[in-house]
>>> print(open('final_26.csv').read())   # CSV, C-alpha atoms
chain,number,residue,atom,x,y,z
A,1,MET,CA,22.0,-8.7,13.3
A,2,THR,CA,18.8,-10.2,12.0
A,3,THR,CA,17.6,-13.7,11.6
A,4,VAL,CA,16.9,-15.0,8.1
A,5,ILE,CA,14.2,-17.6,8.1
A,6,LEU,CA,13.9,-19.6,5.0
A,7,GLU,CA,11.0,-22.0,5.4
A,8,PHE,CA,7.5,-21.9,6.8
A,9,GLY,CA,4.9,-24.5,7.7
A,10,LEU,CA,1.2,-24.2,6.6
A,11,ASP,CA,0.1,-22.5,9.8
A,12,GLU,CA,2.9,-20.0,9.9
A,13,LEU,CA,2.4,-19.2,6.2
A,14,SER,CA,-1.3,-18.7,6.7
A,15,ARG,CA,-0.7,-16.4,9.6
A,16,LEU,CA,1.8,-14.4,7.6
A,17,VAL,CA,-0.5,-14.0,4.6
A,18,ASN,CA,-3.5,-13.5,6.8
A,19,THR,CA,-5.6,-16.1,5.1
A,20,PRO,CA,-7.2,-19.4,6.4
A,21,PRO,CA,-5.1,-22.6,5.9
A,22,THR,CA,-8.0,-24.0,3.8
A,23,ARG,CA,-7.4,-21.4,1.2
A,24,VAL,CA,-3.6,-22.1,1.2
A,25,ILE,CA,-4.5,-25.7,0.6
A,26,GLU,CA,-6.6,-24.7,-2.4
A,27,ILE,CA,-3.8,-22.7,-3.7
A,28,VAL,CA,-1.4,-25.7,-3.4
A,29,GLU,CA,-4.1,-28.0,-5.0
A,30,HIS,CA,-4.1,-25.7,-8.0
A,31,GLY,CA,-0.4,-26.1,-8.3
A,32,ILE,CA,0.2,-22.4,-7.8
A,33,VAL,CA,2.9,-23.2,-5.3
A,34,GLU,CA,4.6,-26.5,-4.6
A,35,PRO,CA,5.7,-27.0,-1.0
A,36,SER,CA,8.2,-29.7,-0.1
A,37,GLY,CA,7.0,-32.5,2.2
A,38,GLN,CA,4.1,-34.9,2.0
A,39,GLY,CA,0.7,-33.7,3.3
A,40,PRO,CA,-0.4,-30.4,4.7
A,41,ASP,CA,1.1,-31.2,8.2
A,42,ARG,CA,4.5,-31.5,6.8
A,43,TRP,CA,4.4,-29.0,4.0
A,44,MET,CA,7.3,-26.5,4.0
A,45,PHE,CA,7.1,-23.3,1.9
A,46,ASP,CA,10.1,-21.1,1.0
A,47,LEU,CA,10.2,-17.4,0.8
A,48,SER,CA,9.3,-17.3,-2.9
A,49,ALA,CA,6.3,-19.5,-2.2
A,50,LEU,CA,5.3,-17.1,0.5
A,51,HIS,CA,5.4,-14.3,-2.0
A,52,THR,CA,3.4,-16.2,-4.6
A,53,VAL,CA,0.7,-17.2,-2.1
A,54,ARG,CA,0.4,-13.6,-1.1
A,55,ARG,CA,0.1,-12.5,-4.7
A,56,ALA,CA,-2.5,-15.2,-5.3
A,57,VAL,CA,-4.6,-14.1,-2.3
A,58,ARG,CA,-4.4,-10.5,-3.4
A,59,LEU,CA,-5.3,-11.2,-7.0
A,60,GLN,CA,-8.2,-13.4,-5.9
A,61,ARG,CA,-9.6,-10.6,-3.8
A,62,GLU,CA,-8.8,-7.6,-6.0
A,63,LEU,CA,-9.5,-9.1,-9.4
A,64,GLU,CA,-12.2,-11.5,-8.3
A,65,LEU,CA,-10.6,-14.4,-10.2
A,66,ASP,CA,-11.0,-18.1,-9.5
A,67,TRP,CA,-8.0,-20.2,-8.5
A,68,ALA,CA,-7.6,-21.6,-12.0
A,69,GLY,CA,-7.5,-18.1,-13.5
A,70,ILE,CA,-5.0,-17.0,-10.8
A,71,ALA,CA,-2.8,-20.0,-11.5
A,72,LEU,CA,-2.7,-19.0,-15.2
A,73,ALA,CA,-2.3,-15.3,-14.5
A,74,ILE,CA,0.7,-16.0,-12.1
A,75,ASP,CA,2.3,-18.3,-14.6
A,76,LEU,CA,2.0,-15.8,-17.4
A,77,LEU,CA,3.0,-12.8,-15.2
A,78,ASP,CA,6.1,-14.7,-14.1
A,79,GLU,CA,6.9,-15.6,-17.7
A,80,VAL,CA,6.5,-11.9,-18.8
A,81,GLU,CA,8.8,-10.9,-15.9
A,82,ARG,CA,11.4,-13.4,-16.9
A,83,LEU,CA,11.2,-12.4,-20.6
A,84,ARG,CA,11.5,-8.7,-19.7
A,85,THR,CA,14.5,-9.3,-17.6
A,86,GLU,CA,16.1,-11.5,-20.3
A,87,ASN,CA,15.3,-9.0,-23.0
A,88,GLN,CA,16.8,-6.2,-21.0
A,89,ARG,CA,20.0,-8.2,-20.4
A,90,LEU,CA,20.3,-9.2,-24.0
A,91,ARG,CA,19.8,-5.6,-25.2
A,92,GLN,CA,22.5,-4.5,-22.8
A,93,ARG,CA,24.9,-7.1,-24.2
A,94,LEU,CA,24.0,-6.3,-27.8
A,95,ALA,CA,24.5,-2.6,-27.2
A,96,ARG,CA,28.2,-3.4,-26.3
A,97,PHE,CA,28.7,-4.7,-29.8
A,98,MET,CA,26.9,-1.8,-31.6
A,99,LEU,CA,28.3,1.6,-32.3
A,100,GLN,CA,26.8,4.2,-30.0
A,101,GLU,CA,25.1,6.8,-32.2
B,1,MET,CA,-9.1,17.8,1.7
B,2,GLU,CA,-10.5,17.1,-1.7
B,3,PHE,CA,-13.9,15.7,-2.5
B,4,LYS,CA,-13.7,12.4,-4.3
B,5,ASP,CA,-16.2,11.5,-7.0
B,6,TYR,CA,-16.2,7.7,-6.8
B,7,TYR,CA,-18.6,7.4,-9.7
B,8,ALA,CA,-16.2,9.3,-11.9
B,9,VAL,CA,-13.3,7.2,-10.7
B,10,LEU,CA,-15.1,4.0,-11.9
B,11,GLY,CA,-16.5,5.8,-14.9
B,12,VAL,CA,-20.1,4.9,-14.1
B,13,ASP,CA,-23.3,6.8,-13.9
B,14,PRO,CA,-24.5,7.8,-10.4
B,15,GLY,CA,-27.5,5.7,-11.0
B,16,ALA,CA,-25.5,2.7,-12.1
B,17,ASP,CA,-26.7,-0.7,-10.6
B,18,GLU,CA,-24.5,-3.1,-8.6
B,19,LYS,CA,-23.7,-5.1,-11.7
B,20,ALA,CA,-22.5,-2.1,-13.7
B,21,ILE,CA,-20.3,-1.0,-10.8
B,22,LYS,CA,-18.8,-4.5,-10.5
B,23,THR,CA,-18.1,-4.7,-14.2
B,24,ALA,CA,-16.5,-1.3,-14.2
B,25,TYR,CA,-14.4,-2.2,-11.2
B,26,ARG,CA,-13.2,-5.5,-12.7
B,27,LYS,CA,-12.2,-3.9,-16.0
B,28,LEU,CA,-10.2,-1.1,-14.3
B,29,ALA,CA,-8.7,-3.5,-11.7
B,30,ARG,CA,-7.3,-5.7,-14.4
B,31,LYS,CA,-5.9,-2.7,-16.2
B,32,TYR,CA,-4.3,-1.0,-13.1
B,33,HIS,CA,-3.6,-3.9,-10.7
B,34,PRO,CA,0.0,-3.3,-9.6
B,35,ASP,CA,0.9,-6.9,-10.0
B,36,VAL,CA,-0.3,-6.9,-13.6
B,37,SER,CA,0.0,-3.4,-15.0
B,38,LYS,CA,3.1,-1.7,-16.2
B,39,GLU,CA,1.4,1.7,-16.3
B,40,SER,CA,3.6,4.2,-14.4
B,41,ASN,CA,0.7,5.4,-12.3
B,42,ALA,CA,-0.8,1.9,-11.8
B,43,GLU,CA,-0.4,1.8,-8.0
B,44,SER,CA,-2.1,5.2,-7.3
B,45,ARG,CA,-4.8,4.5,-9.8
B,46,PHE,CA,-5.5,1.1,-8.3
B,47,LYS,CA,-5.8,2.6,-4.9
B,48,GLU,CA,-8.4,5.1,-6.1
B,49,ILE,CA,-10.3,2.4,-7.9
B,50,SER,CA,-10.4,0.0,-5.0
B,51,GLU,CA,-11.4,2.9,-2.7
B,52,ALA,CA,-14.3,3.8,-5.0
B,53,TYR,CA,-15.4,0.2,-5.2
B,54,GLU,CA,-15.1,-0.4,-1.5
B,55,VAL,CA,-17.7,2.4,-1.0
B,56,LEU,CA,-20.0,1.8,-4.0
B,57,ARG,CA,-20.2,-2.0,-3.7
B,58,ASP,CA,-21.7,-1.7,-0.2
B,59,PRO,CA,-25.3,-0.4,-0.2
B,60,GLY,CA,-24.9,1.1,3.3
B,61,LYS,CA,-21.7,3.0,2.5
B,62,ARG,CA,-23.0,4.0,-0.9
B,63,ALA,CA,-26.1,5.6,0.7
B,64,GLU,CA,-23.9,7.4,3.1
B,65,TYR,CA,-21.7,8.6,0.3
B,66,ASP,CA,-24.6,9.7,-1.9
B,67,GLN,CA,-25.9,11.8,0.9
B,68,LEU,CA,-22.5,13.5,1.2
B,69,ARG,CA,-22.1,13.9,-2.4
B,70,ARG,CA,-24.7,16.6,-2.3
B,71,TYR,CA,-22.3,18.7,-0.3
B,72,GLY,CA,-19.2,18.3,-2.4
B,73,GLN,CA,-17.9,18.1,-5.9
B,74,ALA,CA,-14.8,16.5,-7.4
B,75,GLY,CA,-11.7,18.7,-7.3
B,76,GLN,CA,-13.2,21.0,-4.7
B,77,ALA,CA,-12.3,21.3,-1.1
B,78,PHE,CA,-14.4,19.2,1.2
B,79,GLU,CA,-15.3,19.4,4.8
B,80,PRO,CA,-17.6,16.9,6.4
B,81,PRO,CA,-20.9,18.6,7.3
B,82,PRO,CA,-21.3,19.6,10.9
B,83,GLY,CA,-22.2,16.7,13.2
B,84,TRP,CA,-21.0,14.0,10.7
B,85,ARG,CA,-19.6,11.0,12.4
B,86,PRO,CA,-17.4,8.5,10.6
B,87,SER,CA,-19.2,5.2,10.6
B,88,GLY,CA,-15.9,3.2,11.2
B,89,GLY,CA,-15.9,-0.5,12.0
B,90,PHE,CA,-14.0,-1.7,9.0
B,91,GLU,CA,-13.8,-5.3,7.8
B,92,ASP,CA,-10.2,-6.3,7.2
B,93,LEU,CA,-9.3,-5.8,3.6
B,94,ASP,CA,-5.8,-7.1,4.2
B,95,GLY,CA,-4.7,-3.5,4.4
B,96,ASN,CA,-2.6,-3.3,1.3
B,97,VAL,CA,-4.4,-0.3,0.0
B,98,HIS,CA,-4.3,3.1,1.6
B,99,PHE,CA,-7.5,5.0,1.3
B,100,SER,CA,-7.6,8.7,1.1
B,101,GLU,CA,-8.0,11.3,3.8
B,102,PHE,CA,-11.4,11.9,2.3
B,103,PHE,CA,-12.4,8.3,2.7
B,104,GLU,CA,-11.2,8.2,6.3
B,105,SER,CA,-13.0,11.4,7.2
B,106,VAL,CA,-16.3,9.8,6.0
B,107,PHE,CA,-15.9,6.2,6.9
B,108,GLY,CA,-13.3,6.3,9.7
B,109,ALA,CA,-9.7,5.3,9.8
B,110,ARG,CA,-9.0,1.8,8.7
B,111,PRO,CA,-6.5,-0.1,10.8
B,112,GLY,CA,-3.7,-1.1,8.4
B,113,ALA,CA,-3.9,2.0,6.2
B,114,SER,CA,-0.5,2.8,4.7
B,115,GLY,CA,1.8,5.5,3.5
B,116,ASN,CA,4.0,5.8,0.5
B,117,THR,CA,6.0,2.6,0.8
B,118,ARG,CA,4.2,-0.4,-0.6
B,119,TRP,CA,2.9,-2.2,2.4
B,120,GLU,CA,2.0,-5.7,1.8
B,121,HIS,CA,-0.6,-6.6,4.3
B,122,SER,CA,-1.6,-6.5,7.9
B,123,GLY,CA,-2.6,-9.6,9.9
B,124,GLY,CA,-5.1,-8.6,12.5
B,125,ARG,CA,-3.2,-6.5,15.0
B,126,ARG,CA,0.2,-7.8,14.0
B,127,GLY,CA,2.2,-5.0,12.5
B,128,GLN,CA,2.2,-4.6,8.7
B,129,ASP,CA,4.7,-6.3,6.5
B,130,MET,CA,6.7,-4.0,4.4
B,131,GLU,CA,8.6,-4.4,1.2
B,132,MET,CA,11.3,-2.2,-0.3
B,133,GLU,CA,13.8,-2.5,-3.0
B,134,LEU,CA,17.5,-2.9,-2.2
B,135,PRO,CA,19.7,-1.7,-5.0
B,136,LEU,CA,23.0,-3.5,-5.0
B,137,PHE,CA,26.1,-2.8,-7.0
B,138,LEU,CA,27.7,-6.0,-8.3
B,139,GLU,CA,30.8,-5.1,-6.1
B,140,ASP,CA,28.5,-5.1,-3.0
B,141,THR,CA,27.6,-8.7,-3.5
B,142,LEU,CA,31.2,-9.7,-2.9
B,143,SER,CA,31.4,-7.8,0.4
B,144,ASP,CA,30.7,-9.3,3.8
B,145,GLU,CA,30.3,-5.9,5.3
B,146,PRO,CA,26.9,-5.2,6.8
B,147,ARG,CA,24.9,-2.5,5.0
B,148,THR,CA,23.0,0.2,6.8
B,149,LEU,CA,19.4,0.6,5.8
B,150,ASN,CA,17.3,3.7,6.6
B,151,TYR,CA,13.6,3.4,6.2
B,152,GLN,CA,10.3,4.5,7.7
B,153,VAL,CA,7.6,2.5,9.3
B,154,PRO,CA,4.0,3.7,10.0
B,155,ARG,CA,2.9,4.2,13.5
B,156,TYR,CA,-0.6,4.2,15.0
B,157,SER,CA,-2.1,5.6,18.2
B,158,ALA,CA,-4.0,3.2,20.5
B,159,ASP,CA,-7.3,4.0,18.8
B,160,GLY,CA,-5.9,3.2,15.3
B,161,ARG,CA,-5.2,6.8,14.1
B,162,ARG,CA,-2.3,7.2,11.8
B,163,LEU,CA,0.6,9.1,13.4
B,164,GLU,CA,3.8,10.3,11.8
B,165,ASN,CA,6.2,7.6,10.4
B,166,VAL,CA,9.1,6.4,12.6
B,167,GLN,CA,12.5,6.5,11.0
B,168,LYS,CA,14.4,3.2,11.5
B,169,THR,CA,18.0,2.2,10.9
B,170,LEU,CA,19.1,-1.4,10.5
B,171,ASN,CA,22.4,-3.2,9.7
B,172,VAL,CA,21.9,-6.0,7.3
B,173,ARG,CA,24.4,-8.6,6.1
B,174,ILE,CA,23.5,-9.5,2.5
B,175,PRO,CA,23.4,-13.3,2.1
B,176,LYS,CA,26.0,-14.8,-0.2
B,177,GLY,CA,24.9,-15.4,-3.7
B,178,VAL,CA,21.8,-13.2,-3.8
B,179,ALA,CA,20.2,-12.9,-7.3
B,180,ASP,CA,18.3,-10.1,-8.9
B,181,GLY,CA,14.7,-10.1,-7.8
B,182,GLU,CA,15.4,-12.3,-4.7
B,183,ARG,CA,13.6,-11.4,-1.5
B,184,ILE,CA,15.3,-11.2,1.9
B,185,ARG,CA,13.1,-11.4,4.9
B,186,LEU,CA,13.9,-9.5,8.0
B,187,LYS,CA,11.7,-10.8,10.7
B,188,GLY,CA,10.0,-8.3,13.0
B,189,HIS,CA,11.5,-5.3,11.3
B,190,GLY,CA,8.2,-4.2,9.6
B,191,ALA,CA,5.6,-1.9,11.2
B,192,PRO,CA,5.2,-2.3,15.0
B,193,GLY,CA,2.2,-4.4,16.2
B,194,ARG,CA,-0.6,-2.9,18.2
B,195,GLY,CA,-1.7,-4.0,21.6
B,196,GLY,CA,1.5,-6.0,22.3
B,197,ALA,CA,1.2,-8.0,19.1
B,198,PRO,CA,4.4,-8.8,17.2
B,199,ALA,CA,5.8,-6.4,14.6
B,200,GLY,CA,5.4,-7.2,10.9
B,201,ASP,CA,8.3,-8.3,8.7
B,202,LEU,CA,10.5,-6.3,6.3
B,203,TYR,CA,11.1,-7.7,2.9
B,204,LEU,CA,14.0,-6.5,0.8
B,205,VAL,CA,13.8,-7.1,-2.9
B,206,VAL,CA,17.3,-7.3,-4.4
B,207,ARG,CA,17.9,-5.2,-7.5
B,208,LEU,CA,21.3,-5.6,-9.1
B,209,VAL,CA,22.3,-2.2,-10.5
B,210,PRO,CA,23.5,-2.5,-14.2
B,211,HIS,CA,27.3,-2.3,-14.3
B,212,PRO,CA,29.2,-0.1,-16.9
B,213,LEU,CA,31.5,-3.0,-17.8
B,214,PHE,CA,30.0,-6.3,-16.6
B,215,ASP,CA,26.8,-8.1,-17.7
B,216,VAL,CA,25.2,-10.7,-15.5
B,217,ASP,CA,24.0,-14.1,-16.5
B,218,GLY,CA,23.0,-16.1,-13.4
B,219,HIS,CA,26.1,-16.1,-11.3
B,220,ASP,CA,28.4,-15.7,-14.3
B,221,LEU,CA,29.7,-12.3,-15.5
B,222,ILE,CA,30.4,-11.3,-19.0
B,223,LEU,CA,33.1,-8.7,-19.9
B,224,THR,CA,33.3,-7.5,-23.5
B,225,VAL,CA,36.9,-6.9,-24.4
B,226,PRO,CA,37.7,-4.6,-27.4
B,227,LEU,CA,40.8,-5.8,-29.4
B,228,ALA,CA,42.6,-4.3,-32.4
B,229,PRO,CA,42.5,-6.6,-35.5
B,230,TRP,CA,46.2,-7.4,-35.2
B,231,GLU,CA,45.8,-8.2,-31.5
B,232,ALA,CA,43.1,-10.7,-32.5
B,233,ALA,CA,45.3,-12.0,-35.3
B,234,LEU,CA,48.6,-12.4,-33.5
B,235,GLY,CA,47.4,-12.9,-29.9
B,236,THR,CA,48.3,-10.7,-27.0
B,237,ARG,CA,48.5,-10.4,-23.3
B,238,ILE,CA,46.2,-7.8,-21.7
B,239,THR,CA,45.1,-6.6,-18.3
B,240,ILE,CA,41.3,-6.8,-17.7
B,241,PRO,CA,39.2,-5.5,-14.8
B,242,THR,CA,37.3,-8.0,-12.6
B,243,LEU,CA,35.0,-7.1,-9.7
B,244,SER,CA,37.9,-7.8,-7.2
B,245,GLY,CA,40.9,-6.2,-9.0
B,246,LYS,CA,42.9,-6.5,-12.2
B,247,LEU,CA,43.9,-9.7,-14.0
B,248,GLN,CA,46.3,-10.6,-16.7
B,249,VAL,CA,44.8,-12.6,-19.6
B,250,THR,CA,46.4,-14.2,-22.6
B,251,ILE,CA,44.4,-13.8,-25.8
B,252,PRO,CA,45.3,-16.6,-28.2
B,253,GLY,CA,46.2,-15.7,-31.9
B,254,ASN,CA,43.5,-16.0,-34.5
B,255,SER,CA,40.7,-15.0,-32.1
B,256,GLN,CA,37.3,-14.3,-33.5
B,257,SER,CA,34.9,-11.5,-32.7
B,258,GLY,CA,32.3,-13.0,-30.3
B,259,GLN,CA,34.6,-15.7,-29.1
B,260,ARG,CA,34.5,-16.4,-25.3
B,261,LEU,CA,37.2,-17.2,-22.8
B,262,ARG,CA,36.2,-18.5,-19.5
B,263,LEU,CA,38.0,-17.4,-16.3
B,264,LYS,CA,36.8,-19.8,-13.7
B,265,GLY,CA,35.5,-18.6,-10.3
B,266,LYS,CA,35.8,-14.9,-11.2
B,267,GLY,CA,32.1,-14.3,-11.4
B,268,LEU,CA,29.5,-13.5,-8.7
B,269,ARG,CA,29.4,-15.6,-5.5
B,270,ASN,CA,26.9,-18.4,-5.3
B,271,ARG,CA,25.0,-19.7,-2.3
B,272,ALA,CA,27.2,-22.8,-1.9
B,273,GLY,CA,30.2,-20.5,-1.1
B,274,GLY,CA,31.7,-20.9,-4.6
B,275,ALA,CA,31.5,-18.5,-7.4
B,276,GLY,CA,30.4,-18.3,-11.0
B,277,ASP,CA,32.8,-17.7,-13.9
B,278,LEU,CA,33.8,-14.6,-15.8
B,279,TYR,CA,33.5,-14.8,-19.5
B,280,VAL,CA,35.6,-12.6,-21.7
B,281,VAL,CA,33.9,-11.9,-25.0
B,282,ILE,CA,36.1,-10.6,-27.8
B,283,LYS,CA,35.0,-7.6,-29.8
B,284,ILE,CA,37.3,-6.6,-32.7
B,285,VAL,CA,37.5,-2.9,-33.2
B,286,MET,CA,38.9,-0.9,-36.1
B,287,PRO,CA,40.9,2.2,-35.5
B,288,THR,CA,38.8,5.3,-36.2
B,289,THR,CA,41.4,7.0,-38.3
B,290,GLN,CA,44.0,5.7,-40.8
B,291,ASP,CA,47.0,7.4,-42.2
B,292,GLU,CA,48.4,6.6,-45.6
B,293,ALA,CA,51.0,4.1,-44.3
B,294,THR,CA,48.4,2.1,-42.5
B,295,GLN,CA,46.2,2.1,-45.5
B,296,LYS,CA,49.0,0.7,-47.6
B,297,LEU,CA,49.5,-2.1,-45.1
B,298,TRP,CA,45.9,-3.0,-45.3
B,299,LYS,CA,46.1,-3.0,-49.1
B,300,GLN,CA,49.0,-5.4,-48.9
B,301,LEU,CA,47.0,-7.7,-46.7
B,302,ALA,CA,44.0,-7.5,-48.9
B,303,ASP,CA,46.1,-8.5,-51.9
B,304,LYS,CA,47.8,-11.4,-50.1
B,305,ALA,CA,45.0,-12.9,-48.0
B,306,SER,CA,42.7,-15.3,-49.7
B,307,PHE,CA,39.8,-15.0,-47.2
B,308,ASN,CA,36.2,-14.7,-48.0
B,309,PRO,CA,34.3,-13.8,-44.8
B,310,ARG,CA,31.0,-14.4,-46.7
B,311,SER,CA,31.7,-17.9,-47.9
B,312,GLU,CA,28.5,-19.1,-46.2
B,313,TRP,CA,26.4,-16.9,-48.4
B,314,ARG,CA,27.1,-18.8,-51.6
B,315,ASP,CA,23.9,-19.4,-53.5
>>> encode(input="final_26.csv", output="structure tokens")
Amino acid sequence: MTTVILEFGLDELSRLVNTPPTRVIEIVEHGIVEPSGQGPDRWMFDLSALHTVRRAVRLQRELELDWAGIALAIDLLDEVERLRTENQRLRQRLARFMLQE
Amino acid sequence: MEFKDYYAVLGVDPGADEKAIKTAYRKLARKYHPDVSKESNAESRFKEISEAYEVLRDPGKRAEYDQLRRYGQAGQAFEPPPGWRPSGGFEDLDGNVHFSEFFESVFGARPGASGNTRWEHSGGRRGQDMEMELPLFLEDTLSDEPRTLNYQVPRYSADGRRLENVQKTLNVRIPKGVADGERIRLKGHGAPGRGGAPAGDLYLVVRLVPHPLFDVDGHDLILTVPLAPWEAALGTRITIPTLSGKLQVTIPGNSQSGQRLRLKGKGLRNRAGGAGDLYVVIKIVMPTTQDEATQKLWKQLADKASFNPRSEWRD
């Protein structure tokens, strides 16, 4: 059976995302992810933060955006994703009340 | 192998300057970036675009490519000219983009190139992380049985050449209370590392498969229950399906379409070890056919009942 690890410190996260800790600190300073714990030495990131940091690093490199632009892009992309999912669920529920044509 | 016209991929003139190439790349990257785009071919288009940009942004590589371009044309078979040696020596690009065979024959194999699964990245010589979707039926989320996963990981020779994928099998216990879109990390189950370095991780992205009867709202489930008008009027006792078997439910008299009944703890499991609720939503359904006798009964009801369903419409 496999181990499920739920939280990472700054160094571990940087290693996993393959980016220097200084850039992760920038990402945190732009509020793109919010680790728990006070100060970089004590920061803990969860799996979804890991995923977000990875996306941020990728968007920064591949779209050549600055961090503020990435913060905005990620917020909007997450919102679009949330709305899409909600829309799909509501459609599915509505369809149960409509006659199938 | 097919010759790639990188200028055509970016839609620029072969004489385009660095600035024009950068602008073309930025525009296309925004349009096709897999994190942003919903175009069905976004991922493969983006790979092409970044491959083209990787070559044309770099004056050295661009010169090499321009030289080769005299030998080949887009869509045609391409063989490197005799004596051509891949220049190799790649900077790390985080390896999430797999470049074409054409690219590798010209510029050398890049460590961290990938196959058809969406690899996320490679860290130095540590194996690549991989991501795959895990479709789960709602019923599966209630089970404690481990699930067997079959997947492929890339493999490389000591000098960084891509070899055939390795088939892997893994038994995974799905954590309680997983939600749609959630990631599960399986440490060390990604691609093997090279030179004794650790393997990458495998990430599973949970996808709850839409159910023919139940809708999902967080950890709650919603079941739409069709009732005859008289069942709604008089109340009834019916048997409903749940994810874990059948259940008897009393529908009170005078029930409305759209009304909800809550069955506590009959929803999906949550992380705390409890469970969400099952909501029964009433949907009043008319019979599709009516005989004369039924018609008469409805007529009687229409004459006797003083009910205006559109009373809220008064002007």
>>> residues_around(input="final_26.csv", residues="Asp277 in chain B", least_positions_apart="3", cutoff="8 Å", atoms="all atoms listed in the file", output="number ranges by chain")
B: 219-221, 262-268
>>> write_last_selection(input="final_26.csv", atoms="C-alpha atoms", output="compact mmCIF listing (two decimals), keeping the file's coordinate frame")
# COMPACT_ATOMS: atom_id res chain seq x y z
CA HIS B 219 26.10 -16.10 -11.30
CA ASP B 220 28.40 -15.70 -14.30
CA LEU B 221 29.70 -12.30 -15.50
CA ARG B 262 36.20 -18.50 -19.50
CA LEU B 263 38.00 -17.40 -16.30
CA LYS B 264 36.80 -19.80 -13.70
CA GLY B 265 35.50 -18.60 -10.30
CA LYS B 266 35.80 -14.90 -11.20
CA GLY B 267 32.10 -14.30 -11.40
CA LEU B 268 29.50 -13.50 -8.70
>>> closest_atom_pairs(input="final_26.csv", of="chain A", to="chain B", cutoff="10 Å", atoms="all atoms listed in the file", output="JSON lines")
{"residue": "A:Met1", "atom": "CA", "partner": "B:Val172", "partner_atom": "CA", "distance": 6.6}
{"residue": "A:Thr2", "atom": "CA", "partner": "B:Leu186", "partner_atom": "CA", "distance": 6.4}
{"residue": "A:Thr3", "atom": "CA", "partner": "B:Lys187", "partner_atom": "CA", "distance": 6.6}
{"residue": "A:Val4", "atom": "CA", "partner": "B:Arg185", "partner_atom": "CA", "distance": 6.1}
{"residue": "A:Ile5", "atom": "CA", "partner": "B:Arg185", "partner_atom": "CA", "distance": 7.1}
{"residue": "A:Leu6", "atom": "CA", "partner": "B:Arg185", "partner_atom": "CA", "distance": 8.2}
{"residue": "A:Ser14", "atom": "CA", "partner": "B:Gly123", "partner_atom": "CA", "distance": 9.7}
{"residue": "A:Arg15", "atom": "CA", "partner": "B:Gly123", "partner_atom": "CA", "distance": 7.1}
{"residue": "A:Leu16", "atom": "CA", "partner": "B:Gly123", "partner_atom": "CA", "distance": 6.9}
{"residue": "A:Val17", "atom": "CA", "partner": "B:Gly123", "partner_atom": "CA", "distance": 7.2}
{"residue": "A:Asn18", "atom": "CA", "partner": "B:Gly123", "partner_atom": "CA", "distance": 5.1}
{"residue": "A:Thr19", "atom": "CA", "partner": "B:Gly123", "partner_atom": "CA", "distance": 8.6}
{"residue": "A:Leu47", "atom": "CA", "partner": "B:Arg183", "partner_atom": "CA", "distance": 7.3}
{"residue": "A:Ser48", "atom": "CA", "partner": "B:Arg183", "partner_atom": "CA", "distance": 7.4}
{"residue": "A:His51", "atom": "CA", "partner": "B:Arg183", "partner_atom": "CA", "distance": 8.7}
{"residue": "A:Arg54", "atom": "CA", "partner": "B:Glu120", "partner_atom": "CA", "distance": 8.6}
{"residue": "A:Arg55", "atom": "CA", "partner": "B:Asp35", "partner_atom": "CA", "distance": 7.8}
{"residue": "A:Val57", "atom": "CA", "partner": "B:Asp94", "partner_atom": "CA", "distance": 9.6}
{"residue": "A:Arg58", "atom": "CA", "partner": "B:Asp94", "partner_atom": "CA", "distance": 8.4}
{"residue": "A:Leu59", "atom": "CA", "partner": "B:Asp35", "partner_atom": "CA", "distance": 8.1}
{"residue": "A:Arg61", "atom": "CA", "partner": "B:Leu93", "partner_atom": "CA", "distance": 8.8}
{"residue": "A:Glu62", "atom": "CA", "partner": "B:Ala29", "partner_atom": "CA", "distance": 7.0}
{"residue": "A:Leu63", "atom": "CA", "partner": "B:Ala29", "partner_atom": "CA", "distance": 6.1}
{"residue": "A:Glu64", "atom": "CA", "partner": "B:Arg26", "partner_atom": "CA", "distance": 7.5}
{"residue": "A:Leu65", "atom": "CA", "partner": "B:Arg26", "partner_atom": "CA", "distance": 9.6}
{"residue": "A:Ala73", "atom": "CA", "partner": "B:Val36", "partner_atom": "CA", "distance": 8.7}
{"residue": "A:Ile74", "atom": "CA", "partner": "B:Val36", "partner_atom": "CA", "distance": 9.3}
{"residue": "A:Leu76", "atom": "CA", "partner": "B:Val36", "partner_atom": "CA", "distance": 9.9}
{"residue": "A:Leu77", "atom": "CA", "partner": "B:Val36", "partner_atom": "CA", "distance": 6.9}
{"residue": "A:Val80", "atom": "CA", "partner": "B:Val36", "partner_atom": "CA", "distance": 9.9}
{"residue": "A:Thr85", "atom": "CA", "partner": "B:Asp180", "partner_atom": "CA", "distance": 9.5}
{"residue": "A:Glu86", "atom": "CA", "partner": "B:Asp217", "partner_atom": "CA", "distance": 9.1}
{"residue": "A:Arg89", "atom": "CA", "partner": "B:Asp215", "partner_atom": "CA", "distance": 7.3}
{"residue": "A:Leu90", "atom": "CA", "partner": "B:Asp215", "partner_atom": "CA", "distance": 9.1}
{"residue": "A:Gln92", "atom": "CA", "partner": "B:Asp215", "partner_atom": "CA", "distance": 7.6}
{"residue": "A:Arg93", "atom": "CA", "partner": "B:Asp215", "partner_atom": "CA", "distance": 6.8}
{"residue": "A:Arg96", "atom": "CA", "partner": "B:Thr224", "partner_atom": "CA", "distance": 7.1}
{"residue": "A:Phe97", "atom": "CA", "partner": "B:Lys283", "partner_atom": "CA", "distance": 6.9}
>>> closest_residue(input="final_26.csv", among="A:Ile70, A:Ile25, A:Ala49, A:Ile32", to="Glu7 in chain A", atoms="all atoms listed in the file")
A:Ala49
>>> closest_residue(input="final_26.csv", among="A:Leu99, A:Leu83, A:Leu94, A:Leu72", to="His30 in chain A", atoms="only C-alpha atoms")
A:Leu72
